[in-house]
>>> print(open('model_18.tsv').read())   # TSV, C-alpha atoms and all ligand atoms
chain	number	residue	atom	x	y	z
J	1	MET	CA	0.00	0.00	0.00
J	2	ALA	CA	1.21	3.45	-0.70
J	3	LYS	CA	0.91	7.12	-0.19
J	4	ILE	CA	0.37	8.69	-3.60
J	5	THR	CA	1.72	12.15	-4.31
J	6	LEU	CA	0.74	14.30	-7.27
J	7	ASP	CA	3.39	16.92	-7.80
J	8	ASN	CA	2.67	19.83	-10.11
J	9	LEU	CA	0.52	17.55	-12.20
J	10	ALA	CA	-1.46	18.73	-15.22
J	11	HIS	CA	-2.75	17.16	-18.40
J	12	SER	CA	-3.86	18.33	-21.81
J	13	TYR	CA	-5.00	16.01	-24.58
J	14	LEU	CA	-3.81	18.63	-27.10
J	15	PRO	CA	-0.27	18.51	-28.47
J	16	ASN	CA	0.34	22.24	-27.92
J	17	PRO	CA	-1.90	23.54	-25.16
J	18	LYS	CA	-2.01	27.34	-25.13
J	19	SER	CA	-4.19	28.36	-22.22
J	20	GLU	CA	-5.60	26.81	-19.07
J	21	ASP	CA	-8.80	26.00	-20.98
J	22	ASP	CA	-6.81	23.49	-23.05
J	23	PHE	CA	-6.08	21.38	-19.97
J	24	ALA	CA	-8.47	18.54	-19.03
J	25	LEU	CA	-6.66	18.50	-15.71
J	26	LYS	CA	-5.47	21.83	-14.31
J	27	GLU	CA	-2.31	22.00	-12.22
J	28	LEU	CA	-2.67	19.92	-9.11
J	29	ASN	CA	-0.59	19.23	-5.99
J	30	HIS	CA	-2.04	16.61	-3.75
J	31	ASP	CA	-1.27	13.73	-1.36
J	32	TRP	CA	-3.48	10.67	-1.11
J	33	VAL	CA	-2.79	9.34	2.37
J	34	ASP	CA	-1.76	5.68	2.64
J	35	GLY	CA	-4.69	3.48	3.57
J	36	GLU	CA	-7.51	5.99	3.19
J	37	ALA	CA	-10.67	5.49	1.17
J	38	TYR	CA	-11.32	8.41	-1.17
J	39	ALA	CA	-14.18	9.20	-3.47
J	40	LEU	CA	-13.45	11.34	-6.49
J	41	LEU	CA	-16.71	13.13	-7.19
J	42	GLY	CA	-17.76	15.43	-10.00
J	43	ALA	CA	-20.00	15.84	-13.02
J	44	SER	CA	-19.32	14.01	-16.27
J	45	GLY	CA	-16.37	15.48	-18.19
J	46	CYS	CA	-14.69	17.20	-15.23
J	47	GLY	CA	-11.52	15.10	-15.48
J	48	LYS	CA	-12.02	12.23	-13.03
J	49	SER	CA	-10.99	9.44	-15.41
J	50	THR	CA	-8.09	11.51	-16.69
J	51	LEU	CA	-6.74	11.81	-13.15
J	52	LEU	CA	-7.32	8.14	-12.33
J	53	ASN	CA	-5.63	6.97	-15.53
J	54	ILE	CA	-2.61	9.14	-14.78
J	55	ILE	CA	-2.32	7.57	-11.33
J	56	SER	CA	-2.54	4.06	-12.76
J	57	GLY	CA	-0.13	4.81	-15.60
J	58	LEU	CA	-2.55	4.33	-18.50
J	59	LEU	CA	-2.02	7.97	-19.36
J	60	HIS	CA	1.21	9.93	-19.31
J	61	PRO	CA	0.72	13.45	-17.90
J	62	SER	CA	1.81	16.46	-19.95
J	63	GLN	CA	3.30	17.99	-16.82
J	64	GLY	CA	4.40	16.99	-13.32
J	65	ARG	CA	5.24	13.84	-11.40
J	66	ILE	CA	3.50	10.95	-9.61
J	67	LEU	CA	5.18	9.46	-6.55
J	68	PHE	CA	4.32	6.25	-4.69
J	69	ASN	CA	5.78	6.40	-1.19
J	70	ASP	CA	8.07	9.18	-2.44
J	71	ARG	CA	9.38	7.05	-5.32
J	72	ASP	CA	8.94	8.68	-8.73
J	73	VAL	CA	6.79	6.37	-10.90
J	74	THR	CA	5.90	8.93	-13.58
J	75	HIS	CA	7.65	6.95	-16.29
J	76	GLU	CA	6.76	3.48	-15.05
J	77	PRO	CA	4.14	1.47	-16.90
J	78	THR	CA	0.95	0.30	-15.17
J	79	THR	CA	2.28	-3.22	-14.54
J	80	GLN	CA	5.20	-1.90	-12.48
J	81	ARG	CA	2.97	0.33	-10.37
J	82	ASN	CA	1.29	-2.68	-8.79
J	83	ILE	CA	-2.20	-1.27	-8.91
J	84	ALA	CA	-5.64	-2.79	-9.42
J	85	GLN	CA	-8.06	-0.79	-11.53
J	86	VAL	CA	-11.72	-1.51	-12.22
J	87	PHE	CA	-13.46	0.29	-15.06
J	88	GLN	CA	-17.01	1.33	-15.80
J	89	PHE	CA	-17.56	-1.58	-18.18
J	90	PRO	CA	-16.55	-5.19	-17.65
J	91	VAL	CA	-13.13	-6.41	-18.71
J	92	VAL	CA	-13.20	-10.21	-18.48
J	93	TYR	CA	-11.76	-13.18	-20.34
J	94	ASP	CA	-14.81	-14.64	-22.05
J	95	THR	CA	-13.32	-18.07	-22.69
J	96	MET	CA	-12.26	-18.56	-19.07
J	97	THR	CA	-14.45	-19.69	-16.21
J	98	VAL	CA	-15.45	-17.27	-13.49
J	99	ARG	CA	-12.96	-19.05	-11.21
J	100	ASP	CA	-10.06	-18.63	-13.64
J	101	ASN	CA	-10.95	-14.99	-14.23
J	102	LEU	CA	-10.81	-14.31	-10.50
J	103	ALA	CA	-7.64	-16.32	-10.05
J	104	PHE	CA	-5.84	-14.67	-12.96
J	105	PRO	CA	-4.15	-11.75	-11.13
J	106	LEU	CA	-2.92	-14.12	-8.40
J	107	ARG	CA	-1.62	-16.84	-10.74
J	108	ASN	CA	-0.01	-14.16	-12.84
J	109	ARG	CA	2.08	-13.23	-9.78
J	110	GLY	CA	2.92	-16.86	-9.02
J	111	ALA	CA	0.75	-17.28	-5.92
J	112	ASP	CA	0.51	-20.89	-4.67
J	113	ALA	CA	-2.50	-22.97	-5.60
J	114	ALA	CA	-3.91	-23.42	-2.11
J	115	TYR	CA	-3.87	-19.70	-1.45
J	116	VAL	CA	-5.44	-18.98	-4.85
J	117	ALA	CA	-8.27	-21.43	-4.19
J	118	GLU	CA	-8.98	-19.95	-0.79
J	119	ARG	CA	-8.84	-16.33	-1.89
J	120	VAL	CA	-10.99	-16.96	-4.98
J	121	GLN	CA	-13.60	-18.56	-2.76
J	122	GLN	CA	-13.58	-15.53	-0.42
J	123	ILE	CA	-13.97	-13.08	-3.27
J	124	ALA	CA	-16.69	-15.15	-4.94
J	125	THR	CA	-18.65	-14.92	-1.70
J	126	MET	CA	-18.18	-11.16	-1.57
J	127	ILE	CA	-19.56	-10.68	-5.07
J	128	GLY	CA	-22.25	-13.33	-4.66
J	129	MET	CA	-20.98	-15.70	-7.37
J	130	GLU	CA	-19.99	-18.83	-5.39
J	131	ASP	CA	-22.32	-21.02	-7.40
J	132	MET	CA	-21.13	-19.74	-10.76
J	133	LEU	CA	-17.41	-20.41	-10.39
J	134	ASN	CA	-17.33	-23.15	-13.01
J	135	ARG	CA	-19.27	-21.23	-15.65
J	136	LYS	CA	-17.57	-19.63	-18.58
J	137	ALA	CA	-17.76	-15.84	-18.52
J	138	ARG	CA	-19.15	-15.88	-22.06
J	139	GLY	CA	-22.92	-15.67	-21.97
J	140	LEU	CA	-23.14	-14.08	-18.55
J	141	THR	CA	-25.03	-10.78	-18.19
J	142	ALA	CA	-23.14	-7.46	-18.21
J	143	ASP	CA	-24.01	-7.17	-14.55
J	144	ALA	CA	-22.41	-10.53	-13.70
J	145	LYS	CA	-19.36	-9.74	-15.82
J	146	GLN	CA	-18.89	-6.48	-13.98
J	147	LYS	CA	-19.01	-8.32	-10.68
J	148	ILE	CA	-16.20	-10.53	-11.99
J	149	SER	CA	-14.22	-7.38	-12.90
J	150	LEU	CA	-14.75	-6.04	-9.39
J	151	GLY	CA	-13.70	-9.36	-7.91
J	152	ARG	CA	-10.56	-9.41	-10.02
J	153	GLY	CA	-9.78	-5.90	-8.82
J	154	MET	CA	-10.14	-6.93	-5.19
J	155	VAL	CA	-8.46	-10.33	-5.30
J	156	ARG	CA	-4.87	-9.27	-4.62
J	157	GLU	CA	-4.04	-8.20	-1.09
J	158	ASP	CA	-0.62	-6.76	-1.93
J	159	VAL	CA	-1.49	-3.91	-4.31
J	160	ASN	CA	-0.32	-0.32	-3.81
J	161	ALA	CA	-3.80	1.03	-4.43
J	162	LEU	CA	-7.23	0.07	-5.70
J	163	LEU	CA	-8.75	2.37	-8.29
J	164	PHE	CA	-12.40	2.18	-9.27
J	165	ASP	CA	-13.79	4.21	-12.16
J	166	GLU	CA	-17.60	4.35	-11.80
J	167	PRO	CA	-17.60	0.57	-11.37
J	168	LEU	CA	-21.28	0.16	-10.49
J	169	THR	CA	-22.76	1.86	-13.56
J	170	VAL	CA	-24.07	-1.38	-15.10
J	171	ILE	CA	-25.02	-3.00	-11.80
J	172	ASP	CA	-28.67	-3.11	-10.74
J	173	PRO	CA	-29.65	-0.72	-7.92
J	174	HIS	CA	-30.06	-3.28	-5.14
J	175	MET	CA	-26.75	-4.97	-5.88
J	176	LYS	CA	-25.07	-1.56	-6.04
J	177	TRP	CA	-25.69	-0.98	-2.38
J	178	GLU	CA	-24.53	-4.50	-1.55
J	179	LEU	CA	-21.29	-4.20	-3.52
J	180	ARG	CA	-20.49	-0.78	-2.12
J	181	THR	CA	-20.85	-2.19	1.36
J	182	GLN	CA	-18.50	-5.03	0.40
J	183	LEU	CA	-15.93	-2.56	-0.92
J	184	LYS	CA	-16.14	-0.67	2.33
J	185	SER	CA	-15.61	-3.78	4.41
J	186	LEU	CA	-12.72	-4.76	2.16
J	187	HIS	CA	-11.20	-1.41	2.96
J	188	HIS	CA	-11.64	-1.95	6.70
J	189	GLU	CA	-10.12	-5.41	6.45
J	190	PHE	CA	-7.06	-4.69	4.34
J	191	GLY	CA	-6.62	-0.93	4.62
J	192	HIS	CA	-5.81	-0.42	0.95
J	193	THR	CA	-5.50	3.08	-0.41
J	194	MET	CA	-8.71	3.28	-2.46
J	195	ILE	CA	-9.88	5.85	-4.96
J	196	TYR	CA	-13.46	5.47	-6.06
J	197	VAL	CA	-14.66	7.65	-8.94
J	198	THR	CA	-18.34	8.54	-9.14
J	199	HIS	CA	-20.69	11.30	-10.24
J	200	ASP	CA	-23.19	10.24	-7.57
J	201	GLN	CA	-22.97	12.15	-4.28
J	202	THR	CA	-24.72	9.42	-2.28
J	203	GLU	CA	-22.21	6.86	-3.49
J	204	ALA	CA	-19.33	9.17	-2.66
J	205	LEU	CA	-20.57	10.18	0.77
J	206	THR	CA	-21.41	6.64	1.88
J	207	PHE	CA	-18.20	5.07	0.59
J	208	ALA	CA	-15.42	7.44	1.48
J	209	ASP	CA	-13.58	8.87	4.48
J	210	LYS	CA	-12.58	11.80	2.31
J	211	VAL	CA	-14.35	13.13	-0.73
J	212	VAL	CA	-12.38	14.93	-3.43
J	213	VAL	CA	-14.69	17.15	-5.45
J	214	MET	CA	-13.66	18.06	-8.99
J	215	TYR	CA	-15.09	20.78	-11.18
J	216	ASP	CA	-13.90	21.70	-14.64
J	217	GLY	CA	-10.50	19.99	-14.41
J	218	ARG	CA	-9.77	21.23	-10.92
J	219	VAL	CA	-9.97	19.78	-7.42
J	220	VAL	CA	-12.16	22.34	-5.66
J	221	GLN	CA	-12.33	20.68	-2.26
J	222	MET	CA	-11.08	17.66	-0.41
J	223	GLY	CA	-12.82	16.98	2.86
J	224	THR	CA	-14.99	14.80	5.04
J	225	PRO	CA	-18.67	14.63	4.13
J	226	GLN	CA	-19.30	16.96	7.09
J	227	GLU	CA	-16.81	19.56	5.83
J	228	LEU	CA	-18.38	19.48	2.37
J	229	PHE	CA	-21.74	20.03	3.97
J	230	GLU	CA	-20.83	22.76	6.44
J	231	THR	CA	-18.13	24.73	4.67
J	232	PRO	CA	-18.21	24.23	0.91
J	233	GLN	CA	-14.99	25.86	-0.30
J	234	HIS	CA	-16.45	26.60	-3.72
J	235	THR	CA	-20.04	27.38	-4.72
J	236	PHE	CA	-19.97	24.29	-6.97
J	237	VAL	CA	-19.51	22.06	-3.90
J	238	GLY	CA	-22.47	23.84	-2.34
J	239	TYR	CA	-24.74	23.22	-5.34
J	240	PHE	CA	-23.51	19.74	-6.15
J	241	ILE	CA	-23.72	18.24	-2.67
J	242	GLY	CA	-26.98	18.21	-0.75
J	243	SER	CA	-30.53	17.83	-1.90
J	244	PRO	CA	-31.52	20.37	-2.62
J	245	GLY	CA	-28.11	22.04	-2.84
J	246	MET	CA	-27.00	25.25	-1.17
J	247	ASN	CA	-28.91	28.49	-1.85
J	248	VAL	CA	-26.48	30.93	-3.45
J	249	LEU	CA	-27.46	34.60	-3.69
J	250	ASP	CA	-25.72	37.65	-5.11
J	251	ALA	CA	-24.84	40.03	-2.30
J	252	SER	CA	-22.62	42.83	-1.17
J	253	VAL	CA	-20.84	42.19	2.10
J	254	THR	CA	-19.25	44.58	4.58
J	255	GLY	CA	-18.07	43.21	7.91
J	256	ASP	CA	-20.89	41.21	9.45
J	257	LYS	CA	-23.65	42.58	7.22
J	258	ALA	CA	-24.81	41.51	3.78
J	259	VAL	CA	-27.19	43.30	1.47
J	260	ILE	CA	-29.11	40.90	-0.76
J	261	ASP	CA	-31.21	42.62	-3.40
J	262	GLY	CA	-31.98	45.58	-1.14
J	263	THR	CA	-32.49	43.66	2.11
J	264	GLU	CA	-29.84	43.82	4.81
J	265	ILE	CA	-29.16	40.69	6.84
J	266	SER	CA	-26.81	39.98	9.70
J	267	LEU	CA	-24.13	37.34	9.08
J	268	GLY	CA	-23.13	36.60	12.68
J	269	GLN	CA	-19.40	36.88	11.85
J	270	GLY	CA	-17.23	39.44	10.09
J	271	PHE	CA	-15.98	38.84	6.55
J	272	GLY	CA	-14.07	42.07	5.86
J	273	THR	CA	-14.91	43.60	2.48
J	274	PRO	CA	-14.74	40.79	-0.09
J	275	THR	CA	-14.29	41.94	-3.68
J	276	GLY	CA	-15.13	40.53	-7.11
J	277	LYS	CA	-18.37	38.61	-7.55
J	278	VAL	CA	-19.69	38.34	-3.99
J	279	GLU	CA	-22.28	35.74	-3.01
J	280	VAL	CA	-23.82	34.41	0.16
J	281	GLY	CA	-24.44	30.67	0.39
J	282	VAL	CA	-26.79	29.05	2.88
J	283	ARG	CA	-27.93	25.45	2.84
J	284	PRO	CA	-31.69	24.78	3.01
J	285	GLU	CA	-31.05	23.08	6.39
J	286	PHE	CA	-29.95	26.46	7.83
J	287	THR	CA	-32.81	28.39	6.23
J	288	THR	CA	-36.09	28.97	8.10
J	289	LEU	CA	-39.45	30.24	6.97
J	290	ALA	CA	-40.98	32.94	9.17
J	291	SER	CA	-43.55	35.69	9.18
J	292	GLY	CA	-43.07	39.32	10.09
J	293	ASP	CA	-40.71	41.91	8.73
J	294	VAL	CA	-37.28	40.45	9.50
J	295	GLY	CA	-35.39	38.55	6.81
J	296	LEU	CA	-35.71	38.24	3.06
J	297	PRO	CA	-39.23	38.74	1.65
J	298	VAL	CA	-40.35	35.60	-0.21
J	299	THR	CA	-43.38	33.90	-1.67
J	300	VAL	CA	-43.93	30.19	-1.02
J	301	LYS	CA	-44.28	28.39	-4.34
J	302	ARG	CA	-44.51	24.74	-3.38
J	303	VAL	CA	-44.19	22.40	-0.40
J	304	GLU	CA	-42.81	18.90	-1.04
J	305	ASP	CA	-43.24	16.24	1.58
J	306	VAL	CA	-40.23	13.93	1.24
J	307	GLY	CA	-40.75	11.76	4.32
J	308	ARG	CA	-38.36	12.80	7.03
J	309	HIS	CA	-38.76	16.51	6.24
J	310	LYS	CA	-40.42	18.99	3.94
J	311	ILE	CA	-38.78	20.95	1.17
J	312	VAL	CA	-40.31	24.38	0.76
J	313	ARG	CA	-39.63	26.07	-2.57
J	314	THR	CA	-39.81	29.82	-2.33
J	315	ASP	CA	-39.24	32.74	-4.64
J	316	PHE	CA	-37.21	35.79	-3.65
J	317	LYS	CA	-37.55	38.47	-6.34
J	318	GLY	CA	-37.15	35.90	-9.11
J	319	THR	CA	-34.50	33.77	-7.41
J	320	ALA	CA	-35.36	30.39	-5.93
J	321	ILE	CA	-34.59	29.81	-2.25
J	322	ASN	CA	-35.17	26.34	-0.82
J	323	VAL	CA	-35.96	25.65	2.81
J	324	ILE	CA	-35.87	22.35	4.67
J	325	ALA	CA	-38.56	22.30	7.34
J	326	GLU	CA	-39.38	19.61	9.88
J	327	GLU	CA	-41.78	16.85	8.95
J	328	GLY	CA	-44.52	18.21	11.22
J	329	ALA	CA	-43.94	21.91	10.50
J	330	GLU	CA	-47.02	23.94	9.61
J	331	ILE	CA	-46.42	26.08	6.57
J	332	SER	CA	-48.98	28.87	6.95
J	333	PRO	CA	-49.97	31.31	4.22
J	334	ASP	CA	-48.67	34.32	6.17
J	335	MET	CA	-45.10	33.00	6.09
J	336	ASN	CA	-43.42	35.57	3.92
J	337	ARG	CA	-39.86	35.79	5.18
J	338	ILE	CA	-36.68	33.72	5.08
J	339	VAL	CA	-34.26	33.82	7.97
J	340	PHE	CA	-30.76	32.34	7.88
J	341	ASP	CA	-29.08	30.66	10.83
J	342	PRO	CA	-25.77	32.58	11.03
J	343	ALA	CA	-23.94	29.30	11.82
J	344	GLY	CA	-24.76	28.11	8.32
J	345	VAL	CA	-23.88	31.23	6.32
J	346	ASN	CA	-20.90	31.12	3.94
J	347	VAL	CA	-19.57	34.07	1.94
J	348	TYR	CA	-18.00	33.64	-1.52
J	349	SER	CA	-15.80	35.86	-3.61
J	350	ASN	CA	-15.50	34.82	-7.27
J	351	SER	CA	-16.97	31.43	-6.28
J	352	TRP	CA	-14.36	30.70	-3.56
J	353	ARG	CA	-15.21	30.73	0.13
J	354	VAL	CA	-14.07	33.70	2.21
J	355	ALA	CA	-12.82	32.70	5.67
J	356	PRO	CA	-14.74	34.45	8.45
J	357	GLN	CA	-12.69	36.83	10.56
J	358	GLY	CA	-14.59	36.34	13.81
J	359	ALA	CA	-17.47	38.36	15.21
Y	1	LIG	P1	-14.83	12.34	-16.41
Y	1	LIG	O1	-14.20	11.01	-16.17
Y	1	LIG	O2	-14.89	13.21	-15.19
Y	1	LIG	O3	-16.18	12.22	-17.05
Y	1	LIG	P2	-12.70	12.70	-18.37
Y	1	LIG	O4	-11.45	12.65	-17.58
Y	1	LIG	O5	-13.08	11.47	-19.13
Y	1	LIG	O6	-13.90	13.17	-17.44
Y	1	LIG	O7	-12.61	13.89	-19.41
Y	1	LIG	C1	-12.16	15.19	-19.07
Y	1	LIG	C2	-12.11	16.04	-20.34
Y	1	LIG	O8	-11.12	15.53	-21.22
Y	1	LIG	C3	-13.41	16.05	-21.13
Y	1	LIG	O9	-13.58	17.32	-21.67
Y	1	LIG	C4	-13.18	15.02	-22.22
Y	1	LIG	O10	-13.92	15.32	-23.36
Y	1	LIG	C5	-11.69	15.16	-22.47
Y	1	LIG	N1	-11.08	13.87	-22.90
Y	1	LIG	C6	-11.14	12.70	-22.23
Y	1	LIG	N2	-10.45	11.72	-22.88
Y	1	LIG	C7	-9.94	12.31	-23.99
Y	1	LIG	C8	-9.13	11.85	-25.08
Y	1	LIG	N3	-8.70	10.58	-25.12
Y	1	LIG	N4	-8.81	12.73	-26.03
Y	1	LIG	C9	-9.23	14.03	-25.98
Y	1	LIG	N5	-10.00	14.53	-25.00
Y	1	LIG	C10	-10.35	13.69	-24.00
Y	2	MG	MG	-14.92	9.07	-16.50
>>> encode(input="model_18.tsv", output="C-alpha cells")
Amino acid sequence: MAKITLDNLAHSYLPNPKSEDDFALKELNHDWVDGEAYALLGASGCGKSTLLNIISGLLHPSQGRILFNDRDVTHEPTTQRNIAQVFQFPVVYDTMTVRDNLAFPLRNRGADAAYVAERVQQIATMIGMEDMLNRKARGLTADAKQKISLGRGMVREDVNALLFDEPLTVIDPHMKWELRTQLKSLHHEFGHTMIYVTHDQTEALTFADKVVVMYDGRVVQMGTPQELFETPQHTFVGYFIGSPGMNVLDASVTGDKAVIDGTEISLGQGFGTPTGKVEVGVRPEFTTLASGDVGLPVTVKRVEDVGRHKIVRTDFKGTAINVIAEEGAEISPDMNRIVFDPAGVNVYSNSWRVAPQGA
C-alpha cells in the first residue's frame, strides 16, 4: 500500500496547449494518504478518469510527477505500479471460467494454488458468485461480468492502491448498495489506499472517508462529508452536494452585514470587504421560513413532503430559495420571510469561500 503524491501535475490532450482552458486536468498538488478510502466526485467530463488513468499509468501526464511512497513512478508502466483498476464496463476473459478470471491476477504473480483457491472462494462470496465459479464468462449478463471485474480488482491483497472508475454503472440498484458495502468492508479489512470515482454524491458520501470534489478539471475541495456540507470551499460544492443544494445569492458584504437585493441581513461573523463577484451561500437546512418583517421577503411556491422533512420552494424576487422544514412543520400562508441561521452562512468571492474573521 502506498501514499500517492501528485506533484505539479497537469494534463492536456492537445499537443500544444495554449491556455488553461486546453487542460483537461489543471495544475494539481495533492497527497493521497496511505490506507484511506477516497471518493473522487464530479459531473461528467470534469476530469475524473483523466486523473485516475494518470495515477494508474494508462495515461502519461503532460506535466508533473507521480510518486508512490516518495518514489517517482511517472515513467513506469501500469504493470510496475502494482495497482488494481476496475473500469465502468466489464473487462473479463470470455473463454475462461469465473474461477479462472478471478484467479488470474494471483496466478499471474505466481501465488501458490492453495492460497489462490482460498482467496478466490472468499472473493466469490463477496460478489455473490460462489455457485457460478465453473461457468464460462461468455454468456453471462453485463451485470455478472462487472461483478467478476470487481472481484478481479479486489483479489490481490498486496497492491499499492485500488482504483475504481464508476464501477457500479451497469449493476442493478439493489446490488449496487450491496457491492459498495463489500468494498467498504474490504477497505476496513485490508486498509488499501482506495480511490473510487463517481458522479453520484450518495455513493461518494457513503463510501469514502474523504471526498475529493472536482469541477472543470480542478480539485475544488477535499474533505470529510461533514466539511463538504458545512463549509463548501467553492459554490460548486455547495450546489452539487446536498438535496436540494446550497442556496447561493448575489450580495454585497461589509463586515458582518450583507445586502441581498436591497435587504440587509446579519451574518453573525465578520468577513471584511470581499471583492469581485460576492455571493452568500446558505444550505436549506440552515434556512427557516418565518412571518413578520425580518429577513428576506419571499413567496412560497410549493411544499414537497419527502418523508423525514419537507422541502419548501420559495421565490425571492425571481431567485429560488429552498428551505428544509421539519416533517410536522405547519407552513402557513402568512409566512413571507426567510431567515438564515448565522452558523450556516458562507460568503464567496469569485466562487471561492471567504474565511470568516470572527465576530
Ligand atoms: P470524467 O471522467 O470526469 O467524465 P474525463 O477525464 O473522461 O472526465 O474527461 C475530461 C475532459 O477531457 C473532457 O472534456 C473530455 O472530453 C476530455 N477527454 C477525455 N479523454 C480524452 C481523449 N482521449 N482525447 C481528448 N479529449 C479527451
Ligand atoms: Mg470518466
>>> atom_distance(input="model_18.tsv", atom1="atom CA of Val298 of chain J", atom2="atom CA of Phe316 of chain J")
4.7 Å
>>> atom_distance(input="model_18.tsv", atom1="atom CA of Met175 of chain J", atom2="atom CA of Met132 of chain J")
16.5 Å
>>> atom_distance(input="model_18.tsv", atom1="atom CA of Ala144 of chain J", atom2="atom CA of His199 of chain J")
22.2 Å
>>> closest_residue(input="model_18.tsv", among="J:Gly217, J:Gly238, J:Gly295, J:Gly128", to="ligand MG 2 (chain Y)", atoms="all atoms listed in the file")
J:Gly217
>>> residues_around(input="model_18.tsv", residues="Gly35 of chain J", least_positions_apart="5", cutoff="12 Å", atoms="all atoms listed in the file", output="count of residues only")
22
>>> residues_around(input="model_18.tsv", residues="Gly42 of chain J", least_positions_apart="5", cutoff="7 Å", atoms="all atoms listed in the file", output="ChimeraX atom specification")
/J:198-199,213-215
>>> write_last_selection(input="model_18.tsv", atoms="C-alpha atoms", output="JSON list (two decimals), keeping the file's coordinate frame")
[["chain", "number", "residue", "atom", "x", "y", "z"],
["J", 198, "THR", "CA", -18.34, 8.54, -9.14],
["J", 199, "HIS", "CA", -20.69, 11.30, -10.24],
["J", 213, "VAL", "CA", -14.69, 17.15, -5.45],
["J", 214, "MET", "CA", -13.66, 18.06, -8.99],
["J", 215, "TYR", "CA", -15.09, 20.78, -11.18]]
>>> residues_near_ligand(input="model_18.tsv", ligand="ligand LIG 1 (chain Y)", cutoff="7 Å", atoms="all atoms listed in the file", output="list in words")
Tyr13, Ala24, Gly42, Ala43, Ser44, Gly45, Cys46, Gly47, Lys48, Ser49, Thr50, Leu51 and Gly217 of chain J
>>> residues_around(input="model_18.tsv", residues="segment 102-118 of chain J", least_positions_apart="6", cutoff="7 Å", atoms="all atoms listed in the file", output="VMD selection string")
chain J and resid 148 151 to 152 155 to 156
>>> residues_around(input="model_18.tsv", residues="Glu327 of chain J", least_positions_apart="5", cutoff="8 Å", atoms="all atoms listed in the file", output="list in words")
Asp305, Gly307, Arg308, His309 and Lys310 of chain J
>>> write_last_selection(input="model_18.tsv", atoms="C-alpha atoms", output="mmCIF file, in the coordinates of the input")
data_model
loop_
_atom_site.group_PDB
_atom_site.id
_atom_site.type_symbol
_atom_site.label_atom_id
_atom_site.label_comp_id
_atom_site.auth_asym_id
_atom_site.auth_seq_id
_atom_site.Cartn_x
_atom_site.Cartn_y
_atom_site.Cartn_z
ATOM 1 C CA ASP J 305 -43.240 16.240 1.580
ATOM 2 C CA GLY J 307 -40.750 11.760 4.320
ATOM 3 C CA ARG J 308 -38.360 12.800 7.030
ATOM 4 C CA HIS J 309 -38.760 16.510 6.240
ATOM 5 C CA LYS J 310 -40.420 18.990 3.940
#
>>> residues_around(input="model_18.tsv", residues="Glu166 of chain J", least_positions_apart="2", cutoff="8 Å", atoms="all atoms listed in the file", output="number ranges by chain")
J: 87-88, 164, 168-169, 196-199
>>> write_last_selection(input="model_18.tsv", atoms="C-alpha atoms", output="compact mmCIF listing (two decimals), keeping the file's coordinate frame")
# COMPACT_ATOMS: atom_id res chain seq x y z
CA PHE J 87 -13.46 0.29 -15.06
CA GLN J 88 -17.01 1.33 -15.80
CA PHE J 164 -12.40 2.18 -9.27
CA LEU J 168 -21.28 0.16 -10.49
CA THR J 169 -22.76 1.86 -13.56
CA TYR J 196 -13.46 5.47 -6.06
CA VAL J 197 -14.66 7.65 -8.94
CA THR J 198 -18.34 8.54 -9.14
CA HIS J 199 -20.69 11.30 -10.24
>>> closest_residue(input="model_18.tsv", among="J:Glu330, J:Glu76, J:Asp7, J:Asp165", to="ligand MG 2 (chain Y)", atoms="all atoms listed in the file")
J:Asp165
>>> closest_residue(input="model_18.tsv", among="J:Asn29, J:Asn53, J:Asn336, J:Gln85", to="ligand MG 2 (chain Y)", atoms="only C-alpha atoms and all ligand atoms")
J:Asn53
>>> closest_residue(input="model_18.tsv", among="J:Phe340, J:Phe89, J:Phe23, J:Trp352", to="ligand MG 2 (chain Y)", atoms="all atoms listed in the file")
J:Phe89
>>> closest_residue(input="model_18.tsv", among="J:Ser332, J:Gln182, J:Thr125, J:Thr299", to="Ala320 of chain J", atoms="all atoms listed in the file")
J:Thr299
>>> closest_residue(input="model_18.tsv", among="J:Ile324, J:Leu133, J:Val86, J:Ile66", to="ligand MG 2 (chain Y)", atoms="all atoms listed in the file")
J:Val86
